[in-house]
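Enquirer: File upload06.cif follows (mmCIF, C-alpha atoms and all ligand atoms):
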```cif
data_work
#
loop_
_atom_site.label_atom_id
_atom_site.label_comp_id
_atom_site.auth_asym_id
_atom_site.auth_seq_id
_atom_site.Cartn_x
_atom_site.Cartn_y
_atom_site.Cartn_z
CA MET A 1 87.53 70.90 123.08
CA SER A 2 85.85 68.69 120.51
CA LYS A 3 87.64 68.03 117.26
CA PRO A 4 86.45 69.77 114.06
CA LYS A 5 84.14 67.56 111.98
CA ILE A 6 85.52 66.79 108.53
CA LEU A 7 83.99 64.91 105.60
CA VAL A 8 86.40 63.03 103.34
CA ALA A 9 84.20 62.79 100.26
CA ARG A 10 86.03 59.98 98.44
CA ALA A 11 88.22 57.01 99.32
CA VAL A 12 91.86 57.96 99.90
CA PHE A 13 95.07 56.39 101.16
CA PRO A 14 94.59 54.75 104.61
CA GLU A 15 97.68 56.55 105.91
CA VAL A 16 96.13 59.91 105.02
CA ILE A 17 92.91 58.92 106.77
CA ALA A 18 94.94 57.85 109.82
CA ARG A 19 96.71 61.21 109.90
CA LEU A 20 93.47 63.16 109.55
CA GLU A 21 91.94 61.07 112.36
CA GLN A 22 94.58 62.40 114.76
CA HIS A 23 93.23 65.91 114.21
CA PHE A 24 89.58 65.58 113.27
CA ASP A 25 86.30 63.83 113.88
CA LEU A 26 86.08 62.20 110.43
CA GLN A 27 83.31 60.92 108.25
CA THR A 28 84.94 58.93 105.46
CA ASN A 29 83.82 57.18 102.29
CA GLN A 30 86.37 54.36 102.08
CA ASN A 31 83.86 52.29 100.06
CA ASP A 32 84.15 55.08 97.48
CA ASP A 33 80.39 55.27 97.01
CA SER A 34 79.21 57.72 94.38
CA TRP A 35 77.10 60.38 96.07
CA SER A 36 74.64 62.67 94.32
CA LYS A 37 75.06 66.39 94.96
CA ALA A 38 72.16 66.19 97.44
CA GLU A 39 73.84 63.29 99.27
CA LEU A 40 77.12 65.20 99.43
CA ALA A 41 75.33 68.30 100.76
CA GLU A 42 73.48 66.22 103.35
CA ARG A 43 76.72 64.69 104.65
CA LEU A 44 78.41 68.11 104.67
CA SER A 45 75.56 69.83 106.48
CA ASP A 46 77.06 69.31 109.97
CA LYS A 47 80.76 69.52 108.97
CA ASP A 48 83.39 72.18 109.63
CA GLY A 49 85.54 71.16 106.68
CA ALA A 50 85.77 68.90 103.65
CA PHE A 51 88.40 66.91 101.79
CA THR A 52 87.15 66.92 98.21
CA THR A 53 88.26 65.66 94.82
CA GLY A 54 87.69 67.11 91.37
CA GLY A 55 84.27 65.47 91.00
CA ASP A 56 82.74 66.94 94.17
CA ARG A 57 80.76 70.04 93.27
CA ILE A 58 80.71 72.79 95.89
CA ASP A 59 78.40 75.63 94.86
CA ALA A 60 75.83 78.01 96.36
CA GLU A 61 73.18 75.28 96.50
CA VAL A 62 75.44 72.98 98.54
CA LEU A 63 76.83 75.80 100.67
CA ALA A 64 73.32 76.92 101.63
CA GLN A 65 72.94 73.61 103.46
CA CYS A 66 76.31 73.81 105.26
CA PRO A 67 76.23 76.59 107.86
CA ARG A 68 79.32 75.31 109.73
CA LEU A 69 81.54 74.74 106.70
CA LYS A 70 84.77 76.77 106.77
CA ILE A 71 87.17 75.04 104.36
CA CYS A 72 87.17 72.68 101.36
CA ALA A 73 90.56 71.20 100.50
CA ASN A 74 90.63 69.83 96.95
CA MET A 75 92.89 66.89 96.13
CA ALA A 76 93.39 68.32 92.63
CA VAL A 77 95.16 71.25 91.04
CA GLY A 78 92.06 72.01 88.96
CA TYR A 79 89.17 73.47 90.92
CA ASN A 80 86.36 73.92 88.44
CA ASN A 81 84.27 71.81 90.83
CA PHE A 82 84.35 74.82 93.17
CA ASP A 83 82.21 77.91 92.67
CA LEU A 84 84.88 80.15 94.17
CA ASP A 85 82.71 83.27 94.28
CA ALA A 86 79.98 81.40 96.13
CA MET A 87 82.54 79.92 98.53
CA THR A 88 84.08 83.32 99.23
CA ALA A 89 80.64 84.83 99.76
CA ALA A 90 79.80 82.01 102.19
CA GLY A 91 83.07 82.52 104.07
CA VAL A 92 84.47 79.15 102.98
CA LEU A 93 88.18 78.84 102.25
CA ALA A 94 89.10 76.83 99.14
CA THR A 95 92.49 75.17 98.65
CA ASN A 96 93.85 73.06 95.78
CA ALA A 97 96.86 70.77 95.28
CA PRO A 98 99.27 72.43 92.83
CA ASP A 99 102.95 71.68 92.08
CA VAL A 100 103.08 68.15 93.54
CA LEU A 101 101.59 66.71 90.32
CA THR A 102 103.31 68.91 87.73
CA GLU A 103 106.06 66.56 86.55
CA THR A 104 103.94 63.40 86.75
CA THR A 105 101.20 65.03 84.70
CA ALA A 106 103.69 66.38 82.18
CA ASP A 107 105.15 62.86 81.86
CA PHE A 108 101.69 61.54 81.13
CA GLY A 109 100.94 64.28 78.60
CA PHE A 110 104.04 63.23 76.75
CA ALA A 111 103.18 59.53 77.05
CA LEU A 112 99.73 60.17 75.59
CA LEU A 113 101.22 62.26 72.80
CA MET A 114 103.63 59.46 71.90
CA ALA A 115 100.99 56.72 72.13
CA THR A 116 98.73 58.77 69.88
CA ALA A 117 101.27 59.84 67.27
CA ARG A 118 102.78 56.33 67.08
CA ARG A 119 99.39 54.58 67.19
CA ILE A 120 100.40 52.35 70.08
CA THR A 121 97.01 51.33 71.47
CA GLU A 122 95.44 50.97 68.02
CA SER A 123 98.20 48.61 66.95
CA GLU A 124 98.03 46.66 70.21
CA HIS A 125 94.30 46.07 69.72
CA PHE A 126 95.07 44.81 66.19
CA LEU A 127 97.71 42.42 67.52
CA ARG A 128 95.53 41.15 70.38
CA ALA A 129 92.68 40.56 67.93
CA GLY A 130 94.93 38.13 66.02
CA GLN A 131 94.95 40.34 62.92
CA TRP A 132 98.76 40.54 62.57
CA THR A 133 99.61 38.11 59.81
CA LYS A 134 102.41 39.90 57.95
CA TRP A 135 104.64 42.99 57.93
CA SER A 136 103.70 45.79 55.57
CA TYR A 137 105.38 49.08 54.74
CA ASP A 138 102.59 51.31 56.01
CA MET A 139 101.26 49.21 58.88
CA PHE A 140 100.42 51.66 61.68
CA ALA A 141 102.69 54.28 60.16
CA GLY A 142 102.18 57.35 62.32
CA SER A 143 103.90 60.68 62.66
CA ASP A 144 107.26 61.61 64.11
CA ILE A 145 107.68 63.24 67.47
CA HIS A 146 111.36 64.22 67.32
CA GLY A 147 111.90 67.34 65.28
CA ALA A 148 108.14 68.03 64.98
CA THR A 149 106.39 71.21 66.07
CA LEU A 150 104.85 70.85 69.51
CA GLY A 151 102.00 73.27 70.22
CA ILE A 152 100.89 73.92 73.78
CA LEU A 153 97.67 75.71 74.65
CA GLY A 154 97.82 76.84 78.28
CA MET A 155 101.36 77.45 79.49
CA GLY A 156 101.15 77.00 83.23
CA ARG A 157 103.43 74.71 85.21
CA ILE A 158 102.29 71.53 83.44
CA GLY A 159 102.48 73.14 79.99
CA GLN A 160 106.03 74.26 80.77
CA GLY A 161 106.92 70.71 81.84
CA ILE A 162 105.66 69.35 78.54
CA ALA A 163 107.51 72.07 76.61
CA LYS A 164 110.80 71.17 78.31
CA ARG A 165 110.35 67.47 77.58
CA GLY A 166 109.63 68.22 73.93
CA ALA A 167 112.35 70.80 73.37
CA HIS A 168 115.18 69.28 75.38
CA GLY A 169 114.36 65.57 75.09
CA PHE A 170 113.02 65.29 71.55
CA GLY A 171 114.45 68.28 69.72
CA MET A 172 110.97 69.61 69.00
CA LYS A 173 110.19 73.15 67.99
CA VAL A 174 107.88 74.39 70.74
CA ILE A 175 105.23 77.05 70.27
CA TYR A 176 102.58 78.05 72.78
CA HIS A 177 99.59 80.24 73.36
CA ASN A 178 98.44 81.41 76.75
CA ARG A 179 96.33 84.19 78.27
CA SER A 180 99.57 85.88 79.29
CA ARG A 181 102.98 85.52 77.73
CA LEU A 182 105.78 83.96 79.81
CA ASP A 183 108.70 86.19 80.71
CA ALA A 184 111.76 85.90 78.48
CA ALA A 185 113.76 83.80 80.96
CA LEU A 186 110.99 81.21 81.27
CA GLU A 187 110.47 81.14 77.49
CA ALA A 188 114.21 80.47 77.09
CA GLU A 189 114.13 77.73 79.73
CA CYS A 190 111.23 76.04 77.93
CA LYS A 191 112.69 76.87 74.49
CA ALA A 192 109.16 77.96 73.61
CA GLY A 193 107.96 80.70 71.28
CA TYR A 194 104.74 82.62 71.83
CA VAL A 195 102.21 82.63 68.95
CA GLY A 196 98.57 83.60 68.47
CA LYS A 197 95.93 80.89 68.86
CA GLU A 198 95.24 80.63 65.14
CA GLU A 199 98.93 80.21 64.30
CA LEU A 200 99.21 77.59 67.01
CA LEU A 201 96.32 75.62 65.52
CA ARG A 202 97.61 75.93 61.96
CA THR A 203 101.25 75.15 62.71
CA ALA A 204 101.37 72.47 65.43
CA ASP A 205 102.08 68.88 64.45
CA HIS A 206 101.10 67.85 67.96
CA LEU A 207 98.84 70.10 70.00
CA VAL A 208 98.57 69.56 73.77
CA LEU A 209 95.80 71.23 75.79
CA VAL A 210 96.76 72.13 79.35
CA LEU A 211 94.52 75.08 80.13
CA PRO A 212 92.11 75.30 83.08
CA TYR A 213 88.39 74.79 82.49
CA SER A 214 86.00 77.70 82.98
CA ALA A 215 82.96 79.06 81.17
CA ALA A 216 85.45 81.04 79.05
CA SER A 217 87.38 77.94 77.96
CA HIS A 218 84.28 75.82 77.19
CA HIS A 219 84.68 74.31 73.70
CA THR A 220 87.94 76.16 73.06
CA ILE A 221 88.48 73.42 70.48
CA GLY A 222 85.41 72.84 68.31
CA ALA A 223 84.75 72.21 64.62
CA ALA A 224 86.08 75.64 63.56
CA GLU A 225 89.39 75.15 65.39
CA LEU A 226 89.78 71.55 64.20
CA ALA A 227 89.27 72.82 60.65
CA LEU A 228 92.40 74.98 61.02
CA MET A 229 94.64 72.09 62.10
CA LYS A 230 96.91 70.10 59.81
CA PRO A 231 95.34 66.86 58.52
CA THR A 232 98.42 65.08 59.91
CA ALA A 233 98.09 66.68 63.37
CA THR A 234 97.42 65.00 66.69
CA LEU A 235 95.44 66.62 69.51
CA ILE A 236 96.02 65.75 73.17
CA ASN A 237 93.67 66.79 75.99
CA ILE A 238 94.95 66.27 79.53
CA ALA A 239 93.24 69.40 80.86
CA ARG A 240 89.51 69.05 81.42
CA GLY A 241 86.49 67.69 79.63
CA GLY A 242 84.45 70.46 78.05
CA ILE A 243 87.50 72.29 76.68
CA VAL A 244 87.08 70.14 73.57
CA ASP A 245 83.73 69.68 71.84
CA ASP A 246 83.91 65.88 71.91
CA ALA A 247 81.18 65.41 69.27
CA ALA A 248 83.04 67.70 66.86
CA LEU A 249 86.31 65.93 67.61
CA ALA A 250 84.80 62.49 66.99
CA ALA A 251 83.52 63.75 63.62
CA ALA A 252 86.94 65.20 62.76
CA LEU A 253 88.63 61.91 63.63
CA LYS A 254 86.13 59.90 61.61
CA THR A 255 86.70 61.98 58.47
CA ARG A 256 90.47 62.19 59.18
CA ARG A 257 90.23 66.00 59.35
CA ILE A 258 93.01 65.48 61.89
CA ALA A 259 95.07 62.31 62.15
CA ALA A 260 94.54 61.31 65.76
CA ALA A 261 93.71 62.36 69.29
CA GLY A 262 94.70 61.31 72.79
CA LEU A 263 92.16 62.07 75.50
CA ASP A 264 92.45 61.67 79.25
CA VAL A 265 89.44 63.87 80.05
CA PHE A 266 85.92 64.00 78.63
CA GLU A 267 82.78 66.10 78.61
CA GLY A 268 80.48 64.56 81.22
CA GLU A 269 83.06 61.97 82.34
CA PRO A 270 83.04 59.18 83.35
CA ALA A 271 80.63 58.96 80.42
CA VAL A 272 82.46 59.09 77.07
CA HIS A 273 80.87 60.32 73.85
CA PRO A 274 79.79 57.10 72.06
CA ASP A 275 81.32 58.21 68.75
CA LEU A 276 84.76 58.43 70.38
CA LEU A 277 84.45 54.78 71.34
CA THR A 278 83.99 53.71 67.74
CA VAL A 279 86.76 55.66 65.98
CA PRO A 280 90.11 53.83 65.87
CA ASN A 281 92.41 56.86 65.76
CA VAL A 282 91.95 57.99 69.35
CA VAL A 283 93.74 56.89 72.50
CA LEU A 284 91.39 57.01 75.49
CA THR A 285 92.44 56.95 79.15
CA PRO A 286 90.25 57.41 82.26
CA HIS A 287 91.58 60.70 83.74
CA ILE A 288 94.83 59.21 85.04
CA ALA A 289 97.40 61.89 84.17
CA SER A 290 98.36 62.41 87.82
CA ALA A 291 98.00 58.75 88.73
CA THR A 292 101.29 57.53 90.14
CA VAL A 293 101.32 56.28 93.71
CA PRO A 294 103.80 58.88 95.02
CA THR A 295 102.02 61.76 93.29
CA ARG A 296 98.52 60.79 94.37
CA LEU A 297 99.87 60.40 97.91
CA ALA A 298 101.49 63.84 97.70
CA MET A 299 98.21 65.36 96.45
CA ALA A 300 96.19 63.77 99.25
CA SER A 301 98.81 64.78 101.82
CA LEU A 302 98.75 68.39 100.62
CA ALA A 303 94.95 68.49 100.95
CA ALA A 304 95.30 67.07 104.48
CA ASP A 305 98.07 69.59 105.30
CA ASN A 306 95.77 72.43 104.25
CA LEU A 307 92.99 71.19 106.56
CA ILE A 308 95.36 70.66 109.48
CA ALA A 309 97.07 74.06 109.07
CA PHE A 310 93.74 75.86 108.81
CA PHE A 311 92.26 74.35 111.97
CA GLU A 312 95.52 75.00 113.84
CA GLY A 313 95.05 78.66 112.99
CA LYS A 314 97.99 78.70 110.57
CA PRO A 315 97.92 80.05 107.00
CA PRO A 316 96.74 77.42 104.51
CA LEU A 317 99.50 76.21 102.19
CA THR A 318 97.75 76.63 98.85
CA PRO A 319 94.71 78.90 99.22
CA LEU A 320 92.50 79.82 96.27
CA ASN A 321 90.45 82.56 97.92
CA GLN A 322 90.46 84.82 100.93
CA PRO A 323 87.07 84.61 102.59
CA LEU A 324 86.36 86.68 105.66
CA GLN A 325 86.55 83.85 108.14
CA ALA A 326 85.52 86.23 110.90
CA ILE A 327 81.89 86.02 109.81
CA LYS A 328 81.62 82.44 111.13
C1 LIG B 1 92.87 64.52 89.67
C2 LIG B 1 93.23 66.51 88.10
O1 LIG B 1 93.15 63.17 89.55
O2 LIG B 1 94.50 67.63 89.73
C3 LIG B 1 93.68 67.72 88.84
O3 LIG B 1 93.20 68.81 88.49
O4 LIG B 1 92.59 66.59 87.14
C4 LIG B 1 93.63 65.15 88.55
O5 LIG B 1 94.97 65.17 88.91
C5 LIG B 1 91.38 64.67 89.74
O6 LIG B 1 90.91 65.94 89.58
C6 LIG B 1 90.89 64.11 91.07
O7 LIG B 1 90.83 65.04 92.09
#
```
How would this structure read if it were set down as structure tokens?
Ligand code: 8YV

Expert:
Amino acid sequence: MSKPKILVARAVFPEVIARLEQHFDLQTNQNDDSWSKAELAERLSDKDGAFTTGGDRIDAEVLAQCPRLKICANMAVGYNNFDLDAMTAAGVLATNAPDVLTETTADFGFALLMATARRITESEHFLRAGQWTKWSYDMFAGSDIHGATLGILGMGRIGQGIAKRGAHGFGMKVIYHNRSRLDAALEAECKAGYVGKEELLRTADHLVLVLPYSAASHHTIGAAELALMKPTATLINIARGGIVDDAALAAALKTRRIAAAGLDVFEGEPAVHPDLLTVPNVVLTPHIASATVPTRLAMASLAADNLIAFFEGKPPLTPLNQPLQAIK
């Protein structure tokens, strides 16, 4: 029997490619070329499955060109690149890569919070530019992390990881808002108190965004929300571009409506709003919150495990939908 044909849409670890090659007839992209949606669809048109990453859009338009496609395994916990309804309707299973990146991403959220509140990159640029000539009492004076109020918007696994770091490691008061409230045991474990969104915005000294992106969460933080925040507050986005209105945020940073922001994700990334590049009080990183070698390997391995299990007729490990596979 011939092996299922799989497209690996982006470059990944050679050992993961080698493992997939034992099971599948692979088309890879180890040069990591950037494909347009049409180029992706063309390469997928004769495939039985796909290994995708967060930037590979799978929607009705793509699916219409892929009659053999049965599964897309995303090497990401977020899956806003998938149109799940269209995939289900087309009989295509979707899987993501949860859990394996939770602690690494929570570490990074905290790192970005600390870099932002303590103005680490801004001060490094100053030093590298040869501008450090003397000590002064208010040079790069930022805001405290220990003892401050940590606000978390989106209290899934990563949000809980950040809450625990803040509450247990830094003695922070943790408040959160989420679509659904955590049960009492989980709230106690995270030492986190549930508040409404407006109270969260008004009260947090440091606000971390960890909610998934969808049409409903588009521009959850815009000018009106920024106007509610403390002028001393910092805002951290490690969730998805589009949750924050980047133009409104750049304006708020410029006028010091809020003190600072730390952003790992951007609307329309890898493009970054030009105004964000010119304001000093923002720490900018290129979507690297899950980027440690062991975690990226675990994410890629989980995507591969999903593909292998599926084509061996076993239940996928981390399914996102339940298409009627029988129709193919
Ligand atoms: C990925 C992420 O690096 O898992 C996610 O949802 O945002 C990141 O960890 C990115 O999406 C690449 O797939």

Enquirer: Let me see if you get this right: every residue at most 7 Å from ligand LIG 1 (chain B), counting all atoms listed in the file, written as an NGL selection string.

Expert: :A and (53-55 or 74-79 or 97 or 101 or 239-240 or 287-291)

Enquirer: Of the residues A:Lys173, A:Gly151, A:Ala224, A:Thr234, which is the one nearest to Gly196 in chain A, using only C-alpha atoms?

Expert: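 Between A:Lys173, A:Gly151, A:Ala224, A:Thr234, the residue approaching Gly196 in chain A most closely is A:Gly151.
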
Enquirer: So how many Å separate CA of Ala309 in chain A and CA of Asp85 in chain A, to one decimal?

Expert: 22.6 Å

Enquirer: Which is closer to Leu284 in chain A than all the others in A:Ser45, A:Thr116, A:Gln322, A:Thr28, using only C-alpha atoms?

Expert: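 Of all the options, A:Thr116 lies closest to Leu284 in chain A.
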
Enquirer: Point out the residue among A:Ala304, A:Asp99, A:Ala271, A:Ala215 with the least atom-to-atom distance to Ala18 in chain A, counting all atoms listed in the file.

Expert: A:Ala304

Enquirer: Excluding Leu26 in chain A and residues on its chain fewer than 2 positions from it, collect all residues at most 9 Å away from it, counting only C-alpha atoms, and give them as a list in words.

Expert: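 The residues satisfying every condition are Pro4, Lys5, Ile6, Leu7, Val8, Ile17, Leu20, Glu21, His23, Phe24 and Thr28 of chain A.
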
Enquirer: Please list as a PDB file with C-alpha atoms, keeping the file's coordinate frame every residue within 12 Å of Ser143 in chain A, counting only C-alpha atoms and excluding residues in the same chain fewer than 2 positions away.

Expert:
```pdb
ATOM      1  CA  LEU A 113     101.220  62.260  72.800  1.00  0.00           C
ATOM      2  CA  MET A 114     103.630  59.460  71.900  1.00  0.00           C
ATOM      3  CA  ALA A 115     100.990  56.720  72.130  1.00  0.00           C
ATOM      4  CA  THR A 116      98.730  58.770  69.880  1.00  0.00           C
ATOM      5  CA  ALA A 117     101.270  59.840  67.270  1.00  0.00           C
ATOM      6  CA  ARG A 118     102.780  56.330  67.080  1.00  0.00           C
ATOM      7  CA  ARG A 119      99.390  54.580  67.190  1.00  0.00           C
ATOM      8  CA  ILE A 120     100.400  52.350  70.080  1.00  0.00           C
ATOM      9  CA  ASP A 138     102.590  51.310  56.010  1.00  0.00           C
ATOM     10  CA  PHE A 140     100.420  51.660  61.680  1.00  0.00           C
ATOM     11  CA  ALA A 141     102.690  54.280  60.160  1.00  0.00           C
ATOM     12  CA  ILE A 145     107.680  63.240  67.470  1.00  0.00           C
ATOM     13  CA  HIS A 146     111.360  64.220  67.320  1.00  0.00           C
ATOM     14  CA  GLY A 147     111.900  67.340  65.280  1.00  0.00           C
ATOM     15  CA  ALA A 148     108.140  68.030  64.980  1.00  0.00           C
ATOM     16  CA  THR A 149     106.390  71.210  66.070  1.00  0.00           C
ATOM     17  CA  ASP A 205     102.080  68.880  64.450  1.00  0.00           C
ATOM     18  CA  HIS A 206     101.100  67.850  67.960  1.00  0.00           C
ATOM     19  CA  PRO A 231      95.340  66.860  58.520  1.00  0.00           C
ATOM     20  CA  THR A 232      98.420  65.080  59.910  1.00  0.00           C
ATOM     21  CA  ALA A 233      98.090  66.680  63.370  1.00  0.00           C
ATOM     22  CA  THR A 234      97.420  65.000  66.690  1.00  0.00           C
ATOM     23  CA  ILE A 258      93.010  65.480  61.890  1.00  0.00           C
ATOM     24  CA  ALA A 259      95.070  62.310  62.150  1.00  0.00           C
ATOM     25  CA  ALA A 260      94.540  61.310  65.760  1.00  0.00           C
TER      26      ALA A 260
END
```

Enquirer: Just want the 12 Å neighbourhood of range 159-165 of chain A, counted on all atoms listed in the file, with same-chain residues fewer than 6 positions away dropped. Output as a PyMOL selection string.

Expert: chain A and resi 99+101-114+145-146+149-153+171-178+182+186-194+206-212+236-239

Enquirer: Pick from A:Arg128, A:Arg10, A:Lys3, A:His218: nearest to Asp32 in chain A, with all atoms listed in the file counted?

Expert: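 Of all the options, A:Arg10 lies closest to Asp32 in chain A.
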
Enquirer: Starting from 8 Å padding per side, set up an axis-aligned box that covers all listed atoms of range 138-152 of chain A and hand over centre and edge lengths in Å, one decimal, as lines of an AutoDock Vina configuration file.

Expert:
```
center_x = 106.2
center_y = 61.6
center_z = 64.9
size_x = 27.5
size_y = 40.7
size_z = 33.8
```

Enquirer: With a distance cut-off of 9 Å and all atoms listed in the file, select the neighbouring residues of Gln65 in chain A, excluding the residue or stretch itself and same-chain residues fewer than 5 positions from it, and output the selection as a list in words.

Expert: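 Contacts, in chain order: Ala41, Glu42, Leu44, Ser45, Asp46 and Ala60 of chain A.
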
Enquirer: Quick check, in Å to one decimal: how far apart do CA of Ala9 in chain A and CA of Leu40 in chain A lie?

Expert: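 According to the coordinates, CA of Ala9 in chain A and CA of Leu40 in chain A are separated by 7.5 Å.
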
Enquirer: Do you have the CA of Leu84 in chain A-CA of Asp59 in chain A distance handy?

Expert: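 Here the two named atoms are 7.9 Å from each other.
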
Enquirer: Could you tell me which of A:Glu39, A:Glu267, A:Glu122, A:Asp48 comes closest to Pro280 in chain A if we count only C-alpha atoms?

Expert: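 Result for the nearest residue to Pro280 in chain A: A:Glu122.
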